[in-house]
file final.pdb (PDB, C-alpha atoms, pLDDT in the B column)
ATOM      1  CA  MET A  14     139.902  14.504  17.099  1.00 52.00           C
ATOM      2  CA  ALA A  15     137.292  16.182  19.292  1.00 68.00           C
ATOM      3  CA  ASP A  16     134.389  14.177  20.685  1.00 83.00           C
ATOM      4  CA  THR A  17     131.900  16.805  19.488  1.00 84.00           C
ATOM      5  CA  TYR A  18     131.468  19.004  16.443  1.00 86.00           C
ATOM      6  CA  VAL A  19     130.077  22.515  16.113  1.00 92.00           C
ATOM      7  CA  VAL A  20     128.844  24.109  12.907  1.00 94.00           C
ATOM      8  CA  GLU A  21     127.947  27.789  13.194  1.00 97.00           C
ATOM      9  CA  ARG A  22     127.127  30.584  10.781  1.00 98.00           C
ATOM     10  CA  SER A  23     125.783  34.103  11.374  1.00 98.00           C
ATOM     11  CA  THR A  24     124.344  36.997   9.430  1.00 98.00           C
ATOM     12  CA  THR A  25     122.854  40.418  10.051  1.00 98.00           C
ATOM     13  CA  ILE A  26     119.383  41.096   8.690  1.00 98.00           C
ATOM     14  CA  ALA A  27     118.019  44.589   8.055  1.00 98.00           C
ATOM     15  CA  ALA A  28     114.694  43.828   9.727  1.00 97.00           C
ATOM     16  CA  PRO A  29     113.402  43.948  13.310  1.00 95.00           C
ATOM     17  CA  PRO A  30     113.874  40.812  15.451  1.00 96.00           C
ATOM     18  CA  ALA A  31     110.095  40.204  15.529  1.00 93.00           C
ATOM     19  CA  ASP A  32     110.072  39.905  11.710  1.00 93.00           C
ATOM     20  CA  VAL A  33     112.807  37.280  11.848  1.00 97.00           C
ATOM     21  CA  TRP A  34     111.616  35.393  14.926  1.00 97.00           C
ATOM     22  CA  GLY A  35     108.375  34.052  13.440  1.00 95.00           C
ATOM     23  CA  ARG A  36     110.328  32.578  10.533  1.00 97.00           C
ATOM     24  CA  VAL A  37     112.681  30.583  12.782  1.00 97.00           C
ATOM     25  CA  VAL A  38     110.453  29.447  15.649  1.00 97.00           C
ATOM     26  CA  ASP A  39     107.622  28.034  13.467  1.00 97.00           C
ATOM     27  CA  LEU A  40     108.944  24.875  11.790  1.00 97.00           C
ATOM     28  CA  LYS A  41     106.435  25.248   8.912  1.00 96.00           C
ATOM     29  CA  GLU A  42     108.173  28.518   8.006  1.00 96.00           C
ATOM     30  CA  TRP A  43     111.494  26.707   7.490  1.00 95.00           C
ATOM     31  CA  ASP A  44     110.213  25.516   4.103  1.00 92.00           C
ATOM     32  CA  HIS A  45     110.495  29.108   2.867  1.00 95.00           C
ATOM     33  CA  TRP A  46     114.183  29.525   3.709  1.00 96.00           C
ATOM     34  CA  SER A  47     115.781  26.181   4.570  1.00 93.00           C
ATOM     35  CA  PRO A  48     118.248  25.073   1.886  1.00 92.00           C
ATOM     36  CA  TRP A  49     117.063  21.471   2.140  1.00 89.00           C
ATOM     37  CA  ALA A  50     113.438  22.222   1.241  1.00 87.00           C
ATOM     38  CA  ALA A  51     114.566  23.228  -2.260  1.00 86.00           C
ATOM     39  CA  MET A  52     116.612  20.046  -2.725  1.00 90.00           C
ATOM     40  CA  ASP A  53     113.479  17.904  -2.895  1.00 92.00           C
ATOM     41  CA  PRO A  54     110.237  19.779  -3.569  1.00 88.00           C
ATOM     42  CA  ASN A  55     108.376  16.429  -3.481  1.00 92.00           C
ATOM     43  CA  MET A  56     109.528  15.281  -0.045  1.00 93.00           C
ATOM     44  CA  SER A  57     106.805  14.263   2.365  1.00 96.00           C
ATOM     45  CA  LYS A  58     106.408  16.419   5.479  1.00 96.00           C
ATOM     46  CA  THR A  59     104.415  15.999   8.659  1.00 97.00           C
ATOM     47  CA  TYR A  60     103.981  18.654  11.348  1.00 97.00           C
ATOM     48  CA  SER A  61     102.660  18.138  14.855  1.00 97.00           C
ATOM     49  CA  GLY A  62     102.168  20.180  17.995  1.00 97.00           C
ATOM     50  CA  GLU A  63     101.582  23.865  18.573  1.00 97.00           C
ATOM     51  CA  PRO A  64     103.736  25.899  16.165  1.00 95.00           C
ATOM     52  CA  GLY A  65     106.698  27.499  17.927  1.00 96.00           C
ATOM     53  CA  ALA A  66     106.151  25.636  21.203  1.00 97.00           C
ATOM     54  CA  PRO A  67     108.355  23.003  22.842  1.00 98.00           C
ATOM     55  CA  GLY A  68     107.320  19.578  21.595  1.00 98.00           C
ATOM     56  CA  SER A  69     106.209  20.736  18.166  1.00 98.00           C
ATOM     57  CA  SER A  70     107.892  18.768  15.419  1.00 98.00           C
ATOM     58  CA  TYR A  71     108.554  18.442  11.722  1.00 97.00           C
ATOM     59  CA  ARG A  72     109.217  15.067  10.137  1.00 97.00           C
ATOM     60  CA  TRP A  73     110.404  14.637   6.564  1.00 96.00           C
ATOM     61  CA  SER A  74     111.248  11.891   4.116  1.00 97.00           C
ATOM     62  CA  GLY A  75     112.752  12.675   0.747  1.00 95.00           C
ATOM     63  CA  ASN A  76     115.319  11.874  -1.869  1.00 94.00           C
ATOM     64  CA  ARG A  77     118.973  10.972  -1.205  1.00 91.00           C
ATOM     65  CA  LYS A  78     119.957  14.624  -0.779  1.00 89.00           C
ATOM     66  CA  VAL A  79     117.569  15.313   2.113  1.00 92.00           C
ATOM     67  CA  GLY A  80     117.149  11.843   3.572  1.00 94.00           C
ATOM     68  CA  GLU A  81     114.747  11.234   6.414  1.00 96.00           C
ATOM     69  CA  GLY A  82     114.548  12.734   9.872  1.00 96.00           C
ATOM     70  CA  GLN A  83     112.766  14.816  12.460  1.00 97.00           C
ATOM     71  CA  MET A  84     113.195  18.187  14.163  1.00 97.00           C
ATOM     72  CA  THR A  85     111.525  18.738  17.539  1.00 98.00           C
ATOM     73  CA  ILE A  86     111.569  22.029  19.401  1.00 98.00           C
ATOM     74  CA  LYS A  87     112.999  21.350  22.836  1.00 98.00           C
ATOM     75  CA  ASP A  88     113.342  24.861  24.278  1.00 97.00           C
ATOM     76  CA  VAL A  89     112.297  28.417  23.439  1.00 98.00           C
ATOM     77  CA  ASP A  90     113.473  31.736  24.850  1.00 96.00           C
ATOM     78  CA  PRO A  91     110.805  33.953  23.235  1.00 94.00           C
ATOM     79  CA  GLU A  92     112.143  36.157  20.462  1.00 92.00           C
ATOM     80  CA  GLN A  93     115.737  35.195  21.344  1.00 96.00           C
ATOM     81  CA  ARG A  94     116.529  31.501  20.953  1.00 98.00           C
ATOM     82  CA  VAL A  95     114.995  28.271  19.761  1.00 98.00           C
ATOM     83  CA  ALA A  96     116.700  24.937  20.465  1.00 98.00           C
ATOM     84  CA  ILE A  97     115.782  21.947  18.322  1.00 98.00           C
ATOM     85  CA  ASP A  98     116.543  18.246  18.663  1.00 98.00           C
ATOM     86  CA  LEU A  99     117.549  17.091  15.188  1.00 96.00           C
ATOM     87  CA  LYS A 100     117.510  13.400  14.306  1.00 96.00           C
ATOM     88  CA  PHE A 101     118.566  12.027  10.951  1.00 91.00           C
ATOM     89  CA  LEU A 102     117.398   8.502  10.175  1.00 91.00           C
ATOM     90  CA  LYS A 103     118.642   8.259   6.567  1.00 90.00           C
ATOM     91  CA  PRO A 104     121.047   8.220   4.781  1.00 84.00           C
ATOM     92  CA  PHE A 105     122.777   7.626   8.134  1.00 80.00           C
ATOM     93  CA  LYS A 106     121.673   7.990  11.728  1.00 85.00           C
ATOM     94  CA  SER A 107     122.803  10.977  13.756  1.00 86.00           C
ATOM     95  CA  GLU A 108     121.516  13.254  16.480  1.00 92.00           C
ATOM     96  CA  SER A 109     122.397  16.851  17.178  1.00 94.00           C
ATOM     97  CA  VAL A 110     121.051  20.025  18.722  1.00 97.00           C
ATOM     98  CA  THR A 111     120.368  22.971  16.482  1.00 97.00           C
ATOM     99  CA  GLU A 112     119.938  26.466  17.862  1.00 98.00           C
ATOM    100  CA  VAL A 113     118.883  29.662  16.152  1.00 98.00           C
ATOM    101  CA  LEU A 114     119.715  32.808  18.120  1.00 98.00           C
ATOM    102  CA  VAL A 115     118.035  36.118  17.284  1.00 98.00           C
ATOM    103  CA  THR A 116     119.377  39.364  18.790  1.00 97.00           C
ATOM    104  CA  ALA A 117     118.645  43.011  18.107  1.00 96.00           C
ATOM    105  CA  ASN A 118     121.426  44.992  16.465  1.00 94.00           C
ATOM    106  CA  GLY A 119     120.444  48.638  16.061  1.00 92.00           C
ATOM    107  CA  ASP A 120     117.715  48.700  13.423  1.00 89.00           C
ATOM    108  CA  GLY A 121     118.484  45.129  12.385  1.00 96.00           C
ATOM    109  CA  THR A 122     118.865  41.632  13.726  1.00 98.00           C
ATOM    110  CA  ASN A 123     121.801  39.290  14.196  1.00 98.00           C
ATOM    111  CA  VAL A 124     120.968  35.645  13.532  1.00 98.00           C
ATOM    112  CA  THR A 125     123.237  32.750  14.474  1.00 98.00           C
ATOM    113  CA  TRP A 126     122.491  29.199  13.359  1.00 98.00           C
ATOM    114  CA  ARG A 127     124.437  26.569  15.303  1.00 98.00           C
ATOM    115  CA  MET A 128     124.473  22.781  15.312  1.00 96.00           C
ATOM    116  CA  THR A 129     126.344  20.669  17.850  1.00 94.00           C
ATOM    117  CA  GLY A 130     126.596  16.933  18.165  1.00 90.00           C
ATOM    118  CA  ALA A 131     128.720  13.974  19.121  1.00 85.00           C
ATOM    119  CA  GLN A 132     131.336  12.792  16.663  1.00 73.00           C
ATOM    120  CA  THR A 133     130.161   9.384  15.495  1.00 65.00           C
ATOM    121  CA  PHE A 134     132.325   6.849  13.739  1.00 58.00           C
ATOM    122  CA  MET A 135     130.925   8.093  10.408  1.00 58.00           C
ATOM    123  CA  THR A 136     131.610  11.795  11.106  1.00 56.00           C
ATOM    124  CA  LYS A 137     135.142  10.959  12.272  1.00 53.00           C
ATOM    125  CA  VAL A 138     135.805   9.025   9.068  1.00 55.00           C
ATOM    126  CA  MET A 139     134.481  11.930   6.975  1.00 56.00           C
ATOM    127  CA  GLY A 140     136.729  14.309   8.928  1.00 54.00           C
ATOM    128  CA  VAL A 141     139.796  12.218   8.149  1.00 49.00           C
ATOM    129  CA  PHE A 142     139.048  12.676   4.448  1.00 52.00           C
ATOM    130  CA  GLY A 143     138.612  16.452   4.814  1.00 54.00           C
ATOM    131  CA  LYS A 144     134.813  16.395   4.699  1.00 64.00           C
ATOM    132  CA  GLY A 145     133.949  17.171   8.313  1.00 75.00           C
ATOM    133  CA  MET A 146     130.590  18.435   9.481  1.00 78.00           C
ATOM    134  CA  ASP A 147     131.571  22.095   9.105  1.00 84.00           C
ATOM    135  CA  LYS A 148     132.466  21.611   5.441  1.00 86.00           C
ATOM    136  CA  MET A 149     129.385  19.481   4.814  1.00 83.00           C
ATOM    137  CA  VAL A 150     126.753  21.558   6.634  1.00 89.00           C
ATOM    138  CA  GLY A 151     128.296  25.047   6.840  1.00 93.00           C
ATOM    139  CA  PRO A 152     127.616  25.984   3.192  1.00 94.00           C
ATOM    140  CA  ASP A 153     123.970  24.909   3.624  1.00 94.00           C
ATOM    141  CA  PHE A 154     123.676  27.105   6.718  1.00 96.00           C
ATOM    142  CA  GLU A 155     125.058  30.003   4.664  1.00 97.00           C
ATOM    143  CA  LYS A 156     122.465  29.411   1.911  1.00 96.00           C
ATOM    144  CA  GLY A 157     119.676  29.182   4.464  1.00 97.00           C
ATOM    145  CA  LEU A 158     120.695  32.375   6.229  1.00 98.00           C
ATOM    146  CA  THR A 159     120.914  34.181   2.880  1.00 98.00           C
ATOM    147  CA  SER A 160     117.353  33.043   2.067  1.00 97.00           C
ATOM    148  CA  LEU A 161     116.110  34.014   5.529  1.00 98.00           C
ATOM    149  CA  LYS A 162     117.729  37.448   5.112  1.00 97.00           C
ATOM    150  CA  SER A 163     116.086  37.978   1.708  1.00 97.00           C
ATOM    151  CA  LEU A 164     112.652  36.982   3.002  1.00 96.00           C
ATOM    152  CA  ALA A 165     112.805  39.054   6.184  1.00 97.00           C
ATOM    153  CA  GLU A 166     114.170  42.129   4.422  1.00 97.00           C
ATOM    154  CA  ALA A 167     111.462  41.903   1.752  1.00 94.00           C
ATOM    155  CA  GLY A 168     108.829  41.973   4.479  1.00 84.00           C
TER     156      GLY A 168
END
call {"tool": "encode", "arguments": {"input": "final.pdb", "output": "C-alpha cells"}}
result
Amino acid sequence: MADTYVVERSTTIAAPPADVWGRVVDLKEWDHWSPWAAMDPNMSKTYSGEPGAPGSSYRWSGNRKVGEGQMTIKDVDPEQRVAIDLKFLKPFKSESVTEVLVTANGDGTNVTWRMTGAQTFMTKVMGVFGKGMDKMVGPDFEKGLTSLKSLAEAG
C-alpha cells in the first residue's frame, strides 16, 4: 500500500476564471459550495487573517459528520492555484494538503480539487476494507464541484 494518498476531481465551469477564483481563494466563500457546510448548518466557524492571503484560516467544530478541524491557506498563485493545509482534529486526527487549481479553458474554466496526505494507520485500515480516502472523500469533492459550478454559472 502506498505511503501517500491522492484524491482528485475536476470539472469545467462555463464562467470566466475570475468568477470562479474568488469563490475558492476566500475561505468564507466555501460555505456556499462546500459539501460539508450543508451537513451541519449549526457548526461553529471562526475565520482569521486577510481573506485569500497566506495565513488566513477557517476553523470549524460540528456534528459527527463534519467533525472538527482547520484549513489554513499556505500558498497562492493568484487566479491559478490555492494550497491549503488541512488538519482534522475529530473524529480522528489527520493532516493533508488541499489544492484548488483554476485554469482558463476557452470561454470557461477548468477547476481541479486535489487532496494529498500521508497514509496513517487509520487510512490504511479503511483501505483494507475498501473504504480508502478516494472512496470516502471523492464523492464529496464531486458534490462540491457541482455546487461551485452552479454558483459560478449563475453569476
call {"tool": "closest_residue", "arguments": {"input": "final.pdb", "among": "A:Trp126, A:Tyr18, A:Phe154, A:Trp49", "to": "A:Val37", "atoms": "all atoms listed in the file"}}
result
A:Trp126
call {"tool": "resolve_selection", "arguments": {"input": "final.pdb", "expression": "the PyMOL selection byres ((chain A and resi 99) around 12)", "output": "VMD selection string"}}
result
chain A and resid 70 to 73 81 to 87 96 to 98 100 to 102 106 to 112 127 to 130
call {"tool": "resolve_selection", "arguments": {"input": "final.pdb", "expression": "the PyMOL selection byres ((chain A and resi 78) around 9)", "output": "MDAnalysis selection string"}}
result
chainID A and resid 49 52:53 75:77 79:80 104
call {"tool": "write_last_selection", "arguments": {"input": "final.pdb", "atoms": "C-alpha atoms", "output": "tab-separated table (two decimals), keeping the file's coordinate frame"}}
result
chain	number	residue	atom	x	y	z
A	49	TRP	CA	117.06	21.47	2.14
A	52	MET	CA	116.61	20.05	-2.72
A	53	ASP	CA	113.48	17.90	-2.90
A	75	GLY	CA	112.75	12.68	0.75
A	76	ASN	CA	115.32	11.87	-1.87
A	77	ARG	CA	118.97	10.97	-1.20
A	79	VAL	CA	117.57	15.31	2.11
A	80	GLY	CA	117.15	11.84	3.57
A	104	PRO	CA	121.05	8.22	4.78
call {"tool": "axis_aligned_box", "arguments": {"input": "final.pdb", "around": "stretch 107-115 of chain A", "padding_each_side": "8 Å", "output": "lines of an AutoDock Vina configuration file"}}
result
center_x = 120.4
center_y = 23.5
center_z = 16.2
size_x = 20.8
size_y = 41.1
size_z = 21.0
call {"tool": "atom_distance", "arguments": {"input": "final.pdb", "atom1": "atom CA of A:Ala27", "atom2": "atom CA of A:His45"}}
result
18.0 Å
call {"tool": "residues_around", "arguments": {"input": "final.pdb", "residues": "A:Trp34", "least_positions_apart": "3", "cutoff": "12 Å", "atoms": "all atoms listed in the file", "output": "ChimeraX atom specification"}}
result
/A:26,28-31,37-40,42-43,65,89-95,113-117,122-125,161-162,165
call {"tool": "write_last_selection", "arguments": {"input": "final.pdb", "atoms": "C-alpha atoms", "output": "PDB file, in the coordinates of the input"}}
result
ATOM      1  CA  ILE A  26     119.383  41.096   8.690  1.00 98.00           C
ATOM      2  CA  ALA A  28     114.694  43.828   9.727  1.00 97.00           C
ATOM      3  CA  PRO A  29     113.402  43.948  13.310  1.00 95.00           C
ATOM      4  CA  PRO A  30     113.874  40.812  15.451  1.00 96.00           C
ATOM      5  CA  ALA A  31     110.095  40.204  15.529  1.00 93.00           C
ATOM      6  CA  VAL A  37     112.681  30.583  12.782  1.00 97.00           C
ATOM      7  CA  VAL A  38     110.453  29.447  15.649  1.00 97.00           C
ATOM      8  CA  ASP A  39     107.622  28.034  13.467  1.00 97.00           C
ATOM      9  CA  LEU A  40     108.944  24.875  11.790  1.00 97.00           C
ATOM     10  CA  GLU A  42     108.173  28.518   8.006  1.00 96.00           C
ATOM     11  CA  TRP A  43     111.494  26.707   7.490  1.00 95.00           C
ATOM     12  CA  GLY A  65     106.698  27.499  17.927  1.00 96.00           C
ATOM     13  CA  VAL A  89     112.297  28.417  23.439  1.00 98.00           C
ATOM     14  CA  ASP A  90     113.473  31.736  24.850  1.00 96.00           C
ATOM     15  CA  PRO A  91     110.805  33.953  23.235  1.00 94.00           C
ATOM     16  CA  GLU A  92     112.143  36.157  20.462  1.00 92.00           C
ATOM     17  CA  GLN A  93     115.737  35.195  21.344  1.00 96.00           C
ATOM     18  CA  ARG A  94     116.529  31.501  20.953  1.00 98.00           C
ATOM     19  CA  VAL A  95     114.995  28.271  19.761  1.00 98.00           C
ATOM     20  CA  VAL A 113     118.883  29.662  16.152  1.00 98.00           C
ATOM     21  CA  LEU A 114     119.715  32.808  18.120  1.00 98.00           C
ATOM     22  CA  VAL A 115     118.035  36.118  17.284  1.00 98.00           C
ATOM     23  CA  THR A 116     119.377  39.364  18.790  1.00 97.00           C
ATOM     24  CA  ALA A 117     118.645  43.011  18.107  1.00 96.00           C
ATOM     25  CA  THR A 122     118.865  41.632  13.726  1.00 98.00           C
ATOM     26  CA  ASN A 123     121.801  39.290  14.196  1.00 98.00           C
ATOM     27  CA  VAL A 124     120.968  35.645  13.532  1.00 98.00           C
ATOM     28  CA  THR A 125     123.237  32.750  14.474  1.00 98.00           C
ATOM     29  CA  LEU A 161     116.110  34.014   5.529  1.00 98.00           C
ATOM     30  CA  LYS A 162     117.729  37.448   5.112  1.00 97.00           C
ATOM     31  CA  ALA A 165     112.805  39.054   6.184  1.00 97.00           C
TER      32      ALA A 165
END
call {"tool": "atom_distance", "arguments": {"input": "final.pdb", "atom1": "atom CA of A:Glu21", "atom2": "atom CA of A:Asp44"}}
result
20.1 Å
call {"tool": "closest_residue", "arguments": {"input": "final.pdb", "among": "A:Leu164, A:Val20, A:Ser69, A:Glu63", "to": "A:Met149", "atoms": "all atoms listed in the file"}}
result
A:Val20
call {"tool": "closest_residue", "arguments": {"input": "final.pdb", "among": "A:Asp88, A:Asp147, A:Asp153, A:Asp32", "to": "A:Glu166", "atoms": "all atoms listed in the file"}}
result
A:Asp32
call {"tool": "atom_distance", "arguments": {"input": "final.pdb", "atom1": "atom CA of A:Gly151", "atom2": "atom CA of A:Val19"}}
result
9.8 Å
call {"tool": "residues_near_point", "arguments": {"input": "final.pdb", "point": "(133.9, 16.0, 21.5)", "cutoff": "7 Å", "atoms": "only C-alpha atoms", "output": "PDB file with C-alpha atoms, in the coordinates of the input"}}
result
ATOM      1  CA  ALA A  15     137.292  16.182  19.292  1.00 68.00           C
ATOM      2  CA  ASP A  16     134.389  14.177  20.685  1.00 83.00           C
ATOM      3  CA  THR A  17     131.900  16.805  19.488  1.00 84.00           C
ATOM      4  CA  TYR A  18     131.468  19.004  16.443  1.00 86.00           C
ATOM      5  CA  ALA A 131     128.720  13.974  19.121  1.00 85.00           C
ATOM      6  CA  GLN A 132     131.336  12.792  16.663  1.00 73.00           C
TER       7      GLN A 132
END
call {"tool": "closest_residue", "arguments": {"input": "final.pdb", "among": "A:Gly119, A:Lys41, A:Pro48, A:Arg36", "to": "A:Pro152", "atoms": "all atoms listed in the file"}}
result
A:Pro48
call {"tool": "closest_residue", "arguments": {"input": "final.pdb", "among": "A:Ser163, A:Gly35, A:Gly168, A:Gly157", "to": "A:Ala51", "atoms": "only C-alpha atoms"}}
result
A:Gly157
call {"tool": "build_atoms", "arguments": {"input": "final.pdb", "residues": "stretch 38-63 of chain A", "atoms": "N, CA and C atoms", "output": "mmCIF file, keeping the file's coordinate frame"}}
result
data_model
loop_
_atom_site.group_PDB
_atom_site.id
_atom_site.type_symbol
_atom_site.label_atom_id
_atom_site.label_comp_id
_atom_site.auth_asym_id
_atom_site.auth_seq_id
_atom_site.Cartn_x
_atom_site.Cartn_y
_atom_site.Cartn_z
ATOM 1 N N VAL A 38 111.047 30.230 14.566
ATOM 2 C CA VAL A 38 110.453 29.447 15.649
ATOM 3 C C VAL A 38 109.324 28.536 15.158
ATOM 4 N N ASP A 39 108.693 28.860 14.031
ATOM 5 C CA ASP A 39 107.622 28.034 13.467
ATOM 6 C C ASP A 39 108.237 27.118 12.412
ATOM 7 N N LEU A 40 108.273 25.826 12.685
ATOM 8 C CA LEU A 40 108.944 24.875 11.790
ATOM 9 C C LEU A 40 108.332 24.842 10.386
ATOM 10 N N LYS A 41 107.051 25.182 10.247
ATOM 11 C CA LYS A 41 106.435 25.248 8.912
ATOM 12 C C LYS A 41 107.070 26.352 8.076
ATOM 13 N N GLU A 42 107.551 27.402 8.718
ATOM 14 C CA GLU A 42 108.173 28.518 8.006
ATOM 15 C C GLU A 42 109.539 28.154 7.435
ATOM 16 N N TRP A 43 110.163 27.109 7.972
ATOM 17 C CA TRP A 43 111.494 26.707 7.490
ATOM 18 C C TRP A 43 111.455 26.331 6.011
ATOM 19 N N ASP A 44 110.317 25.861 5.522
ATOM 20 C CA ASP A 44 110.213 25.516 4.103
ATOM 21 C C ASP A 44 110.498 26.706 3.190
ATOM 22 N N HIS A 45 110.297 27.911 3.682
ATOM 23 C CA HIS A 45 110.495 29.108 2.867
ATOM 24 C C HIS A 45 111.958 29.536 2.786
ATOM 25 N N TRP A 46 112.789 29.070 3.718
ATOM 26 C CA TRP A 46 114.183 29.525 3.709
ATOM 27 C C TRP A 46 115.226 28.417 3.893
ATOM 28 N N SER A 47 114.826 27.268 4.352
ATOM 29 C CA SER A 47 115.781 26.181 4.570
ATOM 30 C C SER A 47 116.358 25.705 3.234
ATOM 31 N N PRO A 48 117.656 25.520 3.148
ATOM 32 C CA PRO A 48 118.248 25.073 1.886
ATOM 33 C C PRO A 48 117.810 23.669 1.486
ATOM 34 N N TRP A 49 117.418 22.859 2.448
ATOM 35 C CA TRP A 49 117.063 21.471 2.140
ATOM 36 C C TRP A 49 115.679 21.355 1.528
ATOM 37 N N ALA A 50 114.785 22.270 1.825
ATOM 38 C CA ALA A 50 113.438 22.222 1.241
ATOM 39 C C ALA A 50 113.505 22.292 -0.278
ATOM 40 N N ALA A 51 114.436 23.077 -0.809
ATOM 41 C CA ALA A 51 114.566 23.228 -2.260
ATOM 42 C C ALA A 51 115.222 22.019 -2.923
ATOM 43 N N MET A 52 115.921 21.206 -2.146
ATOM 44 C CA MET A 52 116.612 20.046 -2.725
ATOM 45 C C MET A 52 115.659 18.932 -3.130
ATOM 46 N N ASP A 53 114.476 18.912 -2.532
ATOM 47 C CA ASP A 53 113.479 17.904 -2.895
ATOM 48 C C ASP A 53 112.090 18.493 -2.690
ATOM 49 N N PRO A 54 111.563 19.178 -3.707
ATOM 50 C CA PRO A 54 110.237 19.779 -3.569
ATOM 51 C C PRO A 54 109.125 18.753 -3.356
ATOM 52 N N ASN A 55 109.396 17.471 -3.629
ATOM 53 C CA ASN A 55 108.376 16.429 -3.481
ATOM 54 C C ASN A 55 108.485 15.644 -2.177
ATOM 55 N N MET A 56 109.378 16.055 -1.274
ATOM 56 C CA MET A 56 109.528 15.281 -0.045
ATOM 57 C C MET A 56 108.246 15.352 0.778
ATOM 58 N N SER A 57 107.982 14.276 1.502
ATOM 59 C CA SER A 57 106.805 14.263 2.365
ATOM 60 C C SER A 57 107.164 14.927 3.686
ATOM 61 N N LYS A 58 106.201 15.672 4.235
ATOM 62 C CA LYS A 58 106.408 16.419 5.479
ATOM 63 C C LYS A 58 105.201 16.229 6.386
ATOM 64 N N THR A 59 105.476 16.110 7.664
ATOM 65 C CA THR A 59 104.415 15.999 8.659
ATOM 66 C C THR A 59 104.766 16.933 9.815
ATOM 67 N N TYR A 60 103.797 17.722 10.237
ATOM 68 C CA TYR A 60 103.981 18.654 11.348
ATOM 69 C C TYR A 60 103.062 18.231 12.482
ATOM 70 N N SER A 61 103.524 18.410 13.715
ATOM 71 C CA SER A 61 102.660 18.138 14.855
ATOM 72 C C SER A 61 102.968 19.128 15.969
ATOM 73 N N GLY A 62 102.009 19.292 16.852
ATOM 74 C CA GLY A 62 102.168 20.180 17.995
ATOM 75 C C GLY A 62 101.825 21.620 17.669
ATOM 76 N N GLU A 63 101.871 22.435 18.708
ATOM 77 C CA GLU A 63 101.582 23.865 18.573
ATOM 78 C C GLU A 63 102.794 24.563 17.956
#
